[in-house]
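Student: Okay, so here is upload_8.csv, and as you'll see once you scroll down, it has CSV, C-alpha atoms (C1' of nucleotides).
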chain,number,residue,atom,x,y,z
A,1,MET,CA,19.9,-14.0,31.9
A,2,ASP,CA,19.3,-10.3,31.9
A,3,ALA,CA,21.9,-7.6,32.1
A,4,ALA,CA,21.6,-6.7,35.8
A,5,CYS,CA,21.8,-10.3,36.7
A,6,PHE,CA,24.9,-10.8,34.5
A,7,LEU,CA,26.6,-7.8,36.0
A,8,GLU,CA,26.1,-9.2,39.5
A,9,ALA,CA,27.5,-12.5,38.4
A,10,ALA,CA,30.4,-10.7,36.8
A,11,ASP,CA,31.1,-8.9,40.1
A,12,ARG,CA,31.1,-12.3,42.0
A,13,HIS,CA,33.3,-13.9,39.3
A,14,CYS,CA,35.9,-11.1,39.4
A,15,GLN,CA,36.0,-11.2,43.2
A,16,GLN,CA,36.6,-14.9,43.1
A,17,GLN,CA,39.3,-14.5,40.5
A,18,GLY,CA,41.0,-11.8,42.6
A,19,VAL,CA,40.7,-9.2,39.8
A,20,LYS,CA,39.0,-5.9,39.9
A,21,LEU,CA,35.9,-5.0,37.9
A,22,THR,CA,36.4,-1.3,38.1
A,23,SER,CA,33.7,1.2,37.3
A,24,LEU,CA,35.1,1.8,33.8
A,25,ARG,CA,35.3,-2.0,33.1
A,26,ARG,CA,31.8,-2.4,34.5
A,27,GLN,CA,30.6,0.4,32.3
A,28,VAL,CA,32.1,-1.1,29.2
A,29,LEU,CA,30.6,-4.5,30.1
A,30,GLU,CA,27.3,-2.9,30.5
A,31,LEU,CA,27.5,-1.3,27.1
A,32,VAL,CA,28.4,-4.6,25.5
A,33,LEU,CA,25.4,-6.2,27.3
A,34,GLY,CA,23.2,-3.6,25.7
A,35,TYR,CA,23.7,-5.2,22.3
A,36,ASP,CA,22.2,-8.4,21.0
A,37,GLY,CA,25.2,-10.2,19.5
A,38,VAL,CA,28.6,-9.1,18.2
A,39,VAL,CA,29.8,-5.7,19.2
A,40,LYS,CA,32.7,-3.7,17.7
A,41,ALA,CA,35.2,-1.9,19.9
A,42,TYR,CA,34.4,1.4,18.2
A,43,GLN,CA,30.7,1.0,18.8
A,44,VAL,CA,31.5,0.7,22.5
A,45,LEU,CA,33.9,3.6,22.2
A,46,ALA,CA,31.1,5.8,20.6
A,47,ASP,CA,28.7,4.8,23.4
A,48,LEU,CA,31.4,5.6,26.0
A,49,GLN,CA,31.9,9.0,24.5
A,50,ARG,CA,28.2,9.6,24.6
A,51,GLN,CA,28.2,8.8,28.3
A,52,ARG,CA,31.3,10.5,29.5
A,53,GLY,CA,32.0,13.2,26.9
A,54,ILE,CA,35.4,11.9,25.9
A,55,ALA,CA,37.2,8.6,25.5
A,56,ALA,CA,40.0,7.3,23.4
A,57,PRO,CA,40.6,3.9,21.8
A,58,PRO,CA,43.0,2.6,24.4
A,59,THR,CA,40.5,3.2,27.1
A,60,VAL,CA,38.0,0.9,25.5
A,61,TYR,CA,40.5,-1.7,24.2
A,62,ARG,CA,42.0,-2.1,27.6
A,63,ALA,CA,38.7,-2.6,29.2
A,64,LEU,CA,37.7,-5.1,26.5
A,65,ASP,CA,41.0,-6.9,26.9
A,66,PHE,CA,40.5,-7.2,30.6
A,67,LEU,CA,37.0,-8.5,30.1
A,68,VAL,CA,38.2,-11.1,27.6
A,69,ALA,CA,41.1,-12.1,29.9
A,70,SER,CA,38.8,-12.6,32.8
A,71,GLY,CA,36.4,-14.6,30.8
A,72,LEU,CA,33.4,-12.3,30.7
A,73,LEU,CA,33.6,-11.7,27.0
A,74,HIS,CA,34.9,-13.5,23.9
A,75,LYS,CA,36.7,-12.0,21.1
A,76,VAL,CA,35.4,-13.0,17.7
A,77,ASP,CA,38.5,-12.5,15.5
A,78,ALA,CA,36.8,-13.2,12.2
A,79,LEU,CA,34.4,-10.4,12.8
A,80,ASN,CA,36.7,-8.0,14.7
A,81,GLY,CA,34.1,-8.0,17.5
A,82,TYR,CA,33.2,-9.1,21.0
A,83,ILE,CA,30.4,-11.1,22.4
A,84,VAL,CA,29.3,-11.7,26.0
A,85,CYS,CA,30.4,-15.1,27.3
A,86,ARG,CA,27.3,-17.1,28.2
A,87,HIS,CA,29.3,-19.6,30.2
A,88,VAL,CA,31.0,-17.5,32.9
A,89,GLY,CA,32.2,-19.8,35.6
A,90,CYS,CA,32.2,-23.0,33.7
A,91,SER,CA,34.4,-22.4,30.7
A,92,HIS,CA,36.6,-19.7,29.3
A,93,GLU,CA,36.7,-21.2,25.9
A,94,GLY,CA,33.8,-20.8,23.6
A,95,LEU,CA,32.6,-22.5,20.5
A,96,ILE,CA,30.9,-19.8,18.6
A,97,LEU,CA,28.5,-20.7,15.9
A,98,VAL,CA,27.5,-18.1,13.4
A,99,CYS,CA,24.6,-18.7,11.1
A,100,SER,CA,25.8,-17.6,7.7
A,101,GLN,CA,22.2,-17.0,6.7
A,102,CYS,CA,20.7,-14.9,9.5
A,103,GLY,CA,23.9,-13.9,11.3
A,104,ARG,CA,22.8,-15.0,14.7
A,105,VAL,CA,25.3,-16.2,17.2
A,106,GLN,CA,25.2,-19.2,19.6
A,107,GLU,CA,27.8,-20.2,22.0
A,108,LEU,CA,28.7,-23.7,23.2
A,109,ASP,CA,31.3,-24.9,25.7
A,110,ALA,CA,34.3,-25.9,23.7
A,111,THR,CA,36.3,-27.2,26.7
A,112,PRO,CA,35.9,-31.0,26.2
A,113,MET,CA,36.7,-30.7,22.6
A,114,LEU,CA,39.7,-28.5,23.1
A,115,ALA,CA,40.9,-30.8,25.9
A,116,LEU,CA,41.1,-33.7,23.3
A,117,LEU,CA,42.7,-31.4,20.8
A,118,ARG,CA,45.3,-30.3,23.3
A,119,GLU,CA,46.2,-33.9,24.0
A,120,GLN,CA,46.6,-34.6,20.4
A,121,ALA,CA,48.4,-31.5,19.5
A,122,GLY,CA,50.7,-31.9,22.6
A,123,GLY,CA,51.8,-35.2,21.2
A,124,GLU,CA,53.2,-33.2,18.2
A,125,GLY,CA,54.9,-30.7,20.5
A,126,PHE,CA,52.3,-28.0,19.8
A,127,SER,CA,50.7,-26.1,22.6
A,128,ILE,CA,47.3,-24.6,21.8
A,129,ALA,CA,46.6,-21.2,23.2
A,130,PRO,CA,43.4,-20.5,25.0
A,131,GLN,CA,40.9,-19.3,22.4
A,132,ASN,CA,37.5,-19.6,21.1
A,133,LEU,CA,36.5,-21.1,17.8
A,134,LEU,CA,34.3,-19.6,15.3
A,135,LEU,CA,32.4,-21.8,13.0
A,136,THR,CA,29.8,-21.1,10.3
A,137,GLY,CA,26.8,-23.1,9.4
A,138,HIS,CA,23.1,-22.9,9.6
A,139,CYS,CA,21.0,-22.4,12.7
A,140,GLN,CA,17.8,-24.3,13.4
A,141,GLY,CA,15.5,-21.7,11.9
A,142,CYS,CA,17.5,-21.4,8.7
A,143,GLN,CA,17.7,-25.1,7.8
A,144,ALA,CA,14.8,-24.7,5.4
B,1,MET,CA,55.6,-30.1,-2.1
B,2,ASP,CA,57.8,-27.3,-3.5
B,3,ALA,CA,56.6,-24.1,-4.9
B,4,ALA,CA,56.8,-25.0,-8.6
B,5,CYS,CA,54.9,-28.2,-8.0
B,6,PHE,CA,52.3,-26.3,-6.0
B,7,LEU,CA,51.8,-23.7,-8.7
B,8,GLU,CA,51.3,-26.4,-11.3
B,9,ALA,CA,48.7,-28.1,-9.0
B,10,ALA,CA,47.1,-24.7,-8.5
B,11,ASP,CA,46.8,-24.2,-12.3
B,12,ARG,CA,45.1,-27.6,-12.7
B,13,HIS,CA,42.8,-26.9,-9.7
B,14,CYS,CA,41.6,-23.6,-11.1
B,15,GLN,CA,41.1,-25.0,-14.5
B,16,GLN,CA,38.9,-27.8,-13.0
B,17,GLN,CA,37.0,-25.2,-11.0
B,18,GLY,CA,36.4,-23.1,-14.0
B,19,VAL,CA,38.2,-20.0,-12.5
B,20,LYS,CA,41.1,-18.1,-13.8
B,21,LEU,CA,44.5,-18.1,-12.2
B,22,THR,CA,45.6,-14.9,-13.9
B,23,SER,CA,49.2,-13.8,-13.9
B,24,LEU,CA,48.7,-11.4,-11.1
B,25,ARG,CA,47.0,-14.0,-8.9
B,26,ARG,CA,49.7,-16.4,-9.7
B,27,GLN,CA,52.3,-13.9,-8.8
B,28,VAL,CA,50.6,-13.3,-5.5
B,29,LEU,CA,50.4,-17.0,-4.8
B,30,GLU,CA,54.0,-17.3,-5.6
B,31,LEU,CA,54.9,-14.6,-3.2
B,32,VAL,CA,52.9,-16.3,-0.4
B,33,LEU,CA,54.6,-19.6,-1.2
B,34,GLY,CA,57.9,-17.8,-0.7
B,35,TYR,CA,57.2,-17.6,3.0
B,36,ASP,CA,57.3,-20.3,5.6
B,37,GLY,CA,53.9,-19.9,7.3
B,38,VAL,CA,51.6,-17.0,7.9
B,39,VAL,CA,51.9,-14.0,5.6
B,40,LYS,CA,50.3,-10.6,6.0
B,41,ALA,CA,48.6,-8.8,3.1
B,42,TYR,CA,51.0,-5.8,3.4
B,43,GLN,CA,54.0,-8.1,3.3
B,44,VAL,CA,52.8,-9.4,0.0
B,45,LEU,CA,52.0,-5.9,-1.1
B,46,ALA,CA,55.5,-4.8,-0.3
B,47,ASP,CA,56.9,-7.7,-2.3
B,48,LEU,CA,54.6,-6.9,-5.2
B,49,GLN,CA,55.8,-3.3,-5.1
B,50,ARG,CA,59.4,-4.5,-5.2
B,51,GLN,CA,58.6,-6.7,-8.3
B,52,ARG,CA,56.4,-4.3,-10.3
B,53,GLY,CA,57.3,-0.9,-9.1
B,54,ILE,CA,53.8,0.0,-7.9
B,55,ALA,CA,50.9,-1.7,-6.4
B,56,ALA,CA,48.0,-0.6,-4.2
B,57,PRO,CA,46.2,-2.5,-1.4
B,58,PRO,CA,43.1,-3.4,-3.4
B,59,THR,CA,45.3,-5.2,-5.9
B,60,VAL,CA,46.7,-7.6,-3.4
B,61,TYR,CA,43.5,-8.0,-1.4
B,62,ARG,CA,41.6,-8.9,-4.4
B,63,ALA,CA,44.1,-11.5,-5.4
B,64,LEU,CA,44.2,-12.9,-1.9
B,65,ASP,CA,40.4,-13.0,-1.7
B,66,PHE,CA,40.3,-14.9,-4.9
B,67,LEU,CA,42.9,-17.4,-3.7
B,68,VAL,CA,41.0,-18.0,-0.5
B,69,ALA,CA,37.7,-18.4,-2.3
B,70,SER,CA,39.2,-20.9,-4.7
B,71,GLY,CA,40.7,-22.9,-1.8
B,72,LEU,CA,44.4,-22.3,-2.5
B,73,LEU,CA,44.9,-20.2,0.6
B,74,HIS,CA,43.4,-20.0,4.1
B,75,LYS,CA,42.8,-16.8,6.0
B,76,VAL,CA,44.0,-16.8,9.6
B,77,ASP,CA,41.7,-14.3,11.2
B,78,ALA,CA,43.4,-14.3,14.6
B,79,LEU,CA,46.6,-13.1,13.0
B,80,ASN,CA,45.3,-11.1,10.1
B,81,GLY,CA,47.2,-13.3,7.8
B,82,TYR,CA,47.1,-16.0,5.1
B,83,ILE,CA,48.6,-19.5,4.7
B,84,VAL,CA,48.9,-21.8,1.8
B,85,CYS,CA,46.4,-24.6,1.8
B,86,ARG,CA,48.2,-27.9,1.8
B,87,HIS,CA,45.3,-30.0,0.8
B,88,VAL,CA,44.2,-28.5,-2.5
B,89,GLY,CA,42.1,-31.0,-4.3
B,90,CYS,CA,41.3,-33.1,-1.3
B,91,SER,CA,37.8,-32.4,0.0
B,92,HIS,CA,38.8,-33.4,3.5
B,93,GLU,CA,38.6,-30.9,6.4
B,94,GLY,CA,41.9,-29.9,7.9
B,95,LEU,CA,42.9,-28.8,11.4
B,96,ILE,CA,45.6,-26.2,11.0
B,97,LEU,CA,47.8,-25.2,13.9
B,98,VAL,CA,49.5,-21.9,13.5
B,99,CYS,CA,52.3,-20.8,15.7
B,100,SER,CA,51.6,-17.2,16.6
B,101,GLN,CA,55.2,-16.6,17.4
B,102,CYS,CA,57.1,-17.9,14.3
B,103,GLY,CA,54.1,-18.2,12.0
B,104,ARG,CA,54.9,-21.8,11.1
B,105,VAL,CA,52.0,-24.2,10.4
B,106,GLN,CA,51.3,-27.8,11.3
B,107,GLU,CA,48.4,-30.0,10.5
B,108,LEU,CA,46.4,-32.6,12.4
B,109,ASP,CA,43.6,-34.9,11.3
B,110,ALA,CA,40.4,-33.0,12.2
B,111,THR,CA,38.0,-35.8,11.5
B,112,PRO,CA,37.4,-37.0,15.1
B,113,MET,CA,37.2,-33.5,16.4
B,114,LEU,CA,34.7,-32.3,13.8
B,115,ALA,CA,32.6,-35.4,14.4
B,116,LEU,CA,32.4,-34.5,18.1
B,117,LEU,CA,31.8,-31.0,17.3
B,118,ARG,CA,29.0,-31.7,14.8
B,119,GLU,CA,27.4,-33.9,17.3
B,120,GLN,CA,27.5,-31.2,20.0
B,121,ALA,CA,26.3,-28.4,17.6
B,122,GLY,CA,23.6,-30.7,16.2
B,123,GLY,CA,22.2,-31.1,19.7
B,124,GLU,CA,21.5,-27.4,19.6
B,125,GLY,CA,20.0,-27.5,16.2
B,126,PHE,CA,23.0,-26.0,14.5
B,127,SER,CA,24.5,-27.6,11.4
B,128,ILE,CA,28.1,-26.9,10.8
B,129,ALA,CA,29.2,-26.3,7.3
B,130,PRO,CA,32.4,-28.0,6.0
B,131,GLN,CA,35.3,-25.9,6.8
B,132,ASN,CA,38.9,-25.8,8.0
B,133,LEU,CA,39.6,-25.3,11.6
B,134,LEU,CA,42.4,-22.9,12.5
B,135,LEU,CA,44.0,-22.8,15.9
B,136,THR,CA,46.8,-20.7,17.2
B,137,GLY,CA,49.3,-21.6,19.8
B,138,HIS,CA,53.1,-22.2,20.1
B,139,CYS,CA,55.1,-24.8,18.2
B,140,GLN,CA,57.7,-26.9,19.8
B,141,GLY,CA,60.5,-24.5,19.0
B,142,CYS,CA,58.8,-21.5,20.3
B,143,GLN,CA,57.9,-22.8,23.7
B,144,ALA,CA,60.3,-20.9,26.0
C,1,DA,C1',55.1,10.2,53.6
C,2,DT,C1',57.1,7.2,50.5
C,3,DG,C1',57.5,4.1,47.1
C,4,DG,C1',55.4,0.4,44.4
C,5,DT,C1',51.7,-1.3,41.7
C,6,DG,C1',48.0,-1.1,38.8
C,7,DC,C1',44.5,1.7,36.4
C,8,DT,C1',43.3,5.4,33.4
C,9,DG,C1',44.1,9.6,30.4
C,10,DT,C1',46.2,11.4,26.3
C,11,DT,C1',48.6,11.9,22.1
C,12,DA,C1',50.1,10.1,18.2
C,13,DT,C1',50.6,6.7,14.9
C,14,DA,C1',50.8,2.2,12.6
C,15,DC,C1',48.3,-1.3,10.6
C,16,DC,C1',44.3,-3.5,8.1
C,17,DG,C1',40.8,-3.3,4.7
C,18,DT,C1',37.4,-1.4,1.3
C,19,DA,C1',34.5,2.0,-1.4
C,20,DA,C1',34.1,4.0,-5.6
C,21,DC,C1',35.3,4.9,-10.0
C,22,DA,C1',38.6,4.6,-14.2
C,23,DT,C1',40.8,1.7,-17.3
C,24,DT,C1',42.2,-2.4,-19.7
C,25,DA,C1',41.6,-7.2,-21.0
C,26,DT,C1',38.7,-11.0,-22.2
C,27,DT,C1',34.7,-13.4,-23.7
C,28,DC,C1',30.7,-14.1,-26.5
C,29,DG,C1',27.0,-13.6,-29.7
C,30,DT,C1',26.3,-12.2,-34.2
D,1,DA,C1',36.0,-9.8,-37.3
D,2,DC,C1',33.1,-6.5,-34.7
D,3,DG,C1',31.0,-4.5,-30.9
D,4,DA,C1',28.7,-5.3,-26.5
D,5,DA,C1',28.9,-7.4,-22.2
D,6,DT,C1',31.7,-9.1,-18.6
D,7,DA,C1',35.7,-9.8,-15.8
D,8,DA,C1',40.0,-8.2,-14.1
D,9,DT,C1',43.1,-4.6,-12.7
D,10,DG,C1',44.6,0.2,-11.7
D,11,DT,C1',44.1,4.3,-8.9
D,12,DT,C1',42.7,7.5,-5.3
D,13,DA,C1',41.0,8.2,-1.2
D,14,DC,C1',39.2,7.0,3.0
D,15,DG,C1',37.5,4.5,7.1
D,16,DG,C1',38.0,0.9,10.5
D,17,DT,C1',41.1,-1.6,13.8
D,18,DA,C1',44.6,-1.5,17.2
D,19,DT,C1',48.7,-0.3,19.8
D,20,DA,C1',53.0,2.3,21.5
D,21,DA,C1',54.6,5.5,24.6
D,22,DC,C1',54.4,8.4,28.2
D,23,DA,C1',51.8,11.1,31.9
D,24,DG,C1',49.0,11.3,35.9
D,25,DC,C1',46.4,9.3,39.5
D,26,DA,C1',44.6,6.1,43.1
D,27,DC,C1',45.4,2.8,46.2
D,28,DC,C1',47.8,0.0,49.4
D,29,DA,C1',51.7,-1.6,52.4
D,30,DT,C1',55.5,-0.3,54.6
Would you write out, as structure tokens, the structure that this file holds?
Tutor:
Amino acid sequence: MDAACFLEAADRHCQQQGVKLTSLRRQVLELVLGYDGVVKAYQVLADLQRQRGIAAPPTVYRALDFLVASGLLHKVDALNGYIVCRHVGCSHEGLILVCSQCGRVQELDATPMLALLREQAGGEGFSIAPQNLLLTGHCQGCQA
Amino acid sequence: MDAACFLEAADRHCQQQGVKLTSLRRQVLELVLGYDGVVKAYQVLADLQRQRGIAAPPTVYRALDFLVASGLLHKVDALNGYIVCRHVGCSHEGLILVCSQCGRVQELDATPMLALLREQAGGEGFSIAPQNLLLTGHCQGCQA
DNA sequence: ATGGTGCTGTTATACCGTAACATTATTCGT
DNA sequence: ACGAATAATGTTACGGTATAACAGCACCAT
């Protein structure tokens, strides 16, 4: 899916959810889409500053928080970064696989697994927050 | 398992692994054990400063990194914190539930989940390395 | 127009983590 | 035991990450 197509899908998605993909948020999303994998907030901030002359951290963090909350991006805690969600519309919880050799990132739908987990954890009185899981391993190309 | 007992087990564990649990590292581990759940690096740093008069961030980060690398602690990325590993010596993979409100920790058996997960990731050509799974949420006491 | 709500701008600051180099302790070959 | 190599720790300084708090603006419904 290319960027233009994704942005269009994002527009539809936000409209459906009743939230507003404002021009700032759209611009931030576009900047994230410009990268291949994990993006840092301050990279986006720098890009934003290049495009509009001035921008402060809260501006970009608020936009990123919105995009995560609405399911268009995932936060990758272990890397202090963000990735585009490749399952907009079907799942808001990702299973993010990071190849520890080449650093490439894949995303799976973690919903079925987390559903089972929630059931099990619920039995112990623990309620699991929405989140995505980051796992390390080796991708197909790196399993020499 | 109480702190004294854990420290003894940690000594044995490090000896077996051929790594050194120096007095600084042991002191840091002891400080982490003094807390109930998740501990932040700067909390430990403050404690360390109280005990030895002076200490700088690298001192505590290096000790924490060592303790994580040797399997005595786990890092909780989502909370920028650390918890004690309750399965030192067992090679089995844990599923650790961390309450993001009170910081307390619970554990579940991760085996069925990880099997499902490996199957799913394997279908995409990704082989998941052995690791602990950390999830955040709210424990029974902290659910309003 | 008025007030409420949500979004953005702005300043300032707190928190998290590491680079780089100096110094001390420990290990190891001889 | 000695000195060289290695590992651990001390120290300074800095860079990256993230949020609080308040101000202004835009939009919509009354």
Student: Tell me, in Å to one decimal, how far atom CA of Ser100 of chain B is from atom CA of Leu116 of chain A.
Tutor: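 Separation between atom CA of Ser100 of chain B and atom CA of Leu116 of chain A: 20.7 Å.
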Student: Can you work out which residues from chain D touch chain B at a cut-off of 12 Å (counting all atoms listed in the file) and hand them back as JSON, numbers by chain?
Tutor: {"D": [7, 8, 9, 10, 11, 12, 13, 17, 18]}
Student: For the full set of C-alpha atoms taken in order, report to one decimal the RMSD after fitting chain B onto chain A.
Tutor: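 With all C-alpha atoms paired in order, the RMSD is 2.5 Å.
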Student: Against segment 5-15 of chain C, which residues of chain D fall within 10 Å? For each one I want the closest pair of atoms and the distance in Å (one decimal), counting all atoms listed in the file, rows by chain and increasing residue number, as a Markdown table.
Tutor:
| residue | atom | partner | partner_atom | distance |
| --- | --- | --- | --- | --- |
| D:DT17 | C1' | C:DC15 | C1' | 7.9 |
| D:DA18 | C1' | C:DC15 | C1' | 7.6 |
| D:DT19 | C1' | C:DA14 | C1' | 7.9 |
| D:DA20 | C1' | C:DT13 | C1' | 8.3 |
| D:DA21 | C1' | C:DA12 | C1' | 9.1 |
| D:DC22 | C1' | C:DT10 | C1' | 8.9 |
| D:DA23 | C1' | C:DT10 | C1' | 7.9 |
| D:DG24 | C1' | C:DG9 | C1' | 7.6 |
| D:DC25 | C1' | C:DT8 | C1' | 7.9 |
| D:DA26 | C1' | C:DC7 | C1' | 8.0 |
| D:DC27 | C1' | C:DG6 | C1' | 8.8 |
| D:DC28 | C1' | C:DT5 | C1' | 8.7 |
Student: Smallest atom-to-atom distance to chain B: which of A:Leu135, A:Cys85, A:Leu7, A:Ala115, using only C-alpha atoms?
Tutor: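 The answer is A:Leu135, which sits nearest to chain B.
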Student: What separation in Å, quoted to one decimal, exists between atom CA of Leu79 of chain B and atom CA of Gln49 of chain A?
Tutor: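 Taking atom CA of Leu79 of chain B and atom CA of Gln49 of chain A, their separation equals 28.9 Å.
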Student: Compile the residues of chain B that lie within 9 Å of chain C, evaluated using all atoms listed in the file, and express the compilation as a PyMOL selection string.
Tutor: chain B and resi 41-42+57-58+61+80
Student: Would you mind exporting C-alpha atoms of the selected residues as a PDB file, in the coordinates of the input?
Tutor:
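Output file selection_5.pdb follows:
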ATOM      1  CA  ALA B  41      48.600  -8.800   3.100  1.00  0.00           C
ATOM      2  CA  TYR B  42      51.000  -5.800   3.400  1.00  0.00           C
ATOM      3  CA  PRO B  57      46.200  -2.500  -1.400  1.00  0.00           C
ATOM      4  CA  PRO B  58      43.100  -3.400  -3.400  1.00  0.00           C
ATOM      5  CA  TYR B  61      43.500  -8.000  -1.400  1.00  0.00           C
ATOM      6  CA  ASN B  80      45.300 -11.100  10.100  1.00  0.00           C
TER       7      ASN B  80
END
Student: Counting all atoms listed in the file, which residues of chain A come no farther than 9 Å from chain B, as a PyMOL selection string?
Tutor: chain A and resi 76-80+97+99+106+108+110+113-114+116-117+120-121+124-141+143
Student: If we draw a sphere of 12 Å around (35.9, -17.3, 29.5), which residues have at least one atom in it when counting only C-alpha atoms (C1' of nucleotides)? Please report them as number ranges by chain.
Tutor: A: 10, 13-14, 17, 65-75, 83-95, 107-111, 130-132
Student: Quick one: pull the distance between atom CA of Val105 of chain B and atom CA of Ala3 of chain B, Å, one decimal.
Tutor: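 Atom CA of Ala3 of chain B lies 16.0 Å from atom CA of Val105 of chain B.
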Student: Could you add the missing atoms to segment 127-142 of chain B, up to N, CA and C atoms, and return them as a PDB file, in the coordinates of the input?
Tutor:
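Contents of the output file rebuild-v9.pdb:
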ATOM      1  N   SER B 127      23.734 -26.756  12.304  1.00  0.00           N
ATOM      2  CA  SER B 127      24.500 -27.600  11.400  1.00  0.00           C
ATOM      3  C   SER B 127      25.689 -26.941  10.850  1.00  0.00           C
ATOM      4  N   ILE B 128      26.846 -27.494  11.168  1.00  0.00           N
ATOM      5  CA  ILE B 128      28.100 -26.900  10.800  1.00  0.00           C
ATOM      6  C   ILE B 128      28.496 -27.168   9.391  1.00  0.00           C
ATOM      7  N   ALA B 129      28.819 -26.132   8.659  1.00  0.00           N
ATOM      8  CA  ALA B 129      29.200 -26.300   7.300  1.00  0.00           C
ATOM      9  C   ALA B 129      30.648 -26.872   7.220  1.00  0.00           C
ATOM     10  N   PRO B 130      30.988 -27.543   6.116  1.00  0.00           N
ATOM     11  CA  PRO B 130      32.400 -28.000   6.000  1.00  0.00           C
ATOM     12  C   PRO B 130      33.317 -26.874   5.977  1.00  0.00           C
ATOM     13  N   GLN B 131      34.349 -26.980   6.750  1.00  0.00           N
ATOM     14  CA  GLN B 131      35.300 -25.900   6.800  1.00  0.00           C
ATOM     15  C   GLN B 131      36.595 -26.329   7.480  1.00  0.00           C
ATOM     16  N   ASN B 132      37.604 -25.523   7.291  1.00  0.00           N
ATOM     17  CA  ASN B 132      38.900 -25.800   8.000  1.00  0.00           C
ATOM     18  C   ASN B 132      38.868 -25.108   9.317  1.00  0.00           C
ATOM     19  N   LEU B 133      39.518 -25.771  10.261  1.00  0.00           N
ATOM     20  CA  LEU B 133      39.600 -25.300  11.600  1.00  0.00           C
ATOM     21  C   LEU B 133      40.995 -24.735  11.841  1.00  0.00           C
ATOM     22  N   LEU B 134      41.071 -23.493  12.254  1.00  0.00           N
ATOM     23  CA  LEU B 134      42.400 -22.900  12.500  1.00  0.00           C
ATOM     24  C   LEU B 134      42.545 -22.601  13.968  1.00  0.00           C
ATOM     25  N   LEU B 135      43.668 -23.046  14.505  1.00  0.00           N
ATOM     26  CA  LEU B 135      44.000 -22.800  15.900  1.00  0.00           C
ATOM     27  C   LEU B 135      45.336 -22.171  16.035  1.00  0.00           C
ATOM     28  N   THR B 136      45.465 -21.262  16.995  1.00  0.00           N
ATOM     29  CA  THR B 136      46.800 -20.700  17.200  1.00  0.00           C
ATOM     30  C   THR B 136      47.356 -21.166  18.532  1.00  0.00           C
ATOM     31  N   GLY B 137      48.648 -21.150  18.610  1.00  0.00           N
ATOM     32  CA  GLY B 137      49.300 -21.600  19.800  1.00  0.00           C
ATOM     33  C   GLY B 137      50.834 -21.428  19.601  1.00  0.00           C
ATOM     34  N   HIS B 138      51.614 -22.281  20.275  1.00  0.00           N
ATOM     35  CA  HIS B 138      53.100 -22.200  20.100  1.00  0.00           C
ATOM     36  C   HIS B 138      53.608 -23.550  19.693  1.00  0.00           C
ATOM     37  N   CYS B 139      54.446 -23.540  18.691  1.00  0.00           N
ATOM     38  CA  CYS B 139      55.100 -24.800  18.200  1.00  0.00           C
ATOM     39  C   CYS B 139      56.197 -25.173  19.168  1.00  0.00           C
ATOM     40  N   GLN B 140      56.711 -26.359  18.940  1.00  0.00           N
ATOM     41  CA  GLN B 140      57.700 -26.900  19.800  1.00  0.00           C
ATOM     42  C   GLN B 140      58.909 -25.961  20.019  1.00  0.00           C
ATOM     43  N   GLY B 141      59.381 -25.416  18.917  1.00  0.00           N
ATOM     44  CA  GLY B 141      60.500 -24.500  19.000  1.00  0.00           C
ATOM     45  C   GLY B 141      60.318 -23.238  19.704  1.00  0.00           C
ATOM     46  N   CYS B 142      59.065 -22.790  19.743  1.00  0.00           N
ATOM     47  CA  CYS B 142      58.800 -21.500  20.300  1.00  0.00           C
ATOM     48  C   CYS B 142      58.306 -21.512  21.755  1.00  0.00           C
TER      49      CYS B 142
END
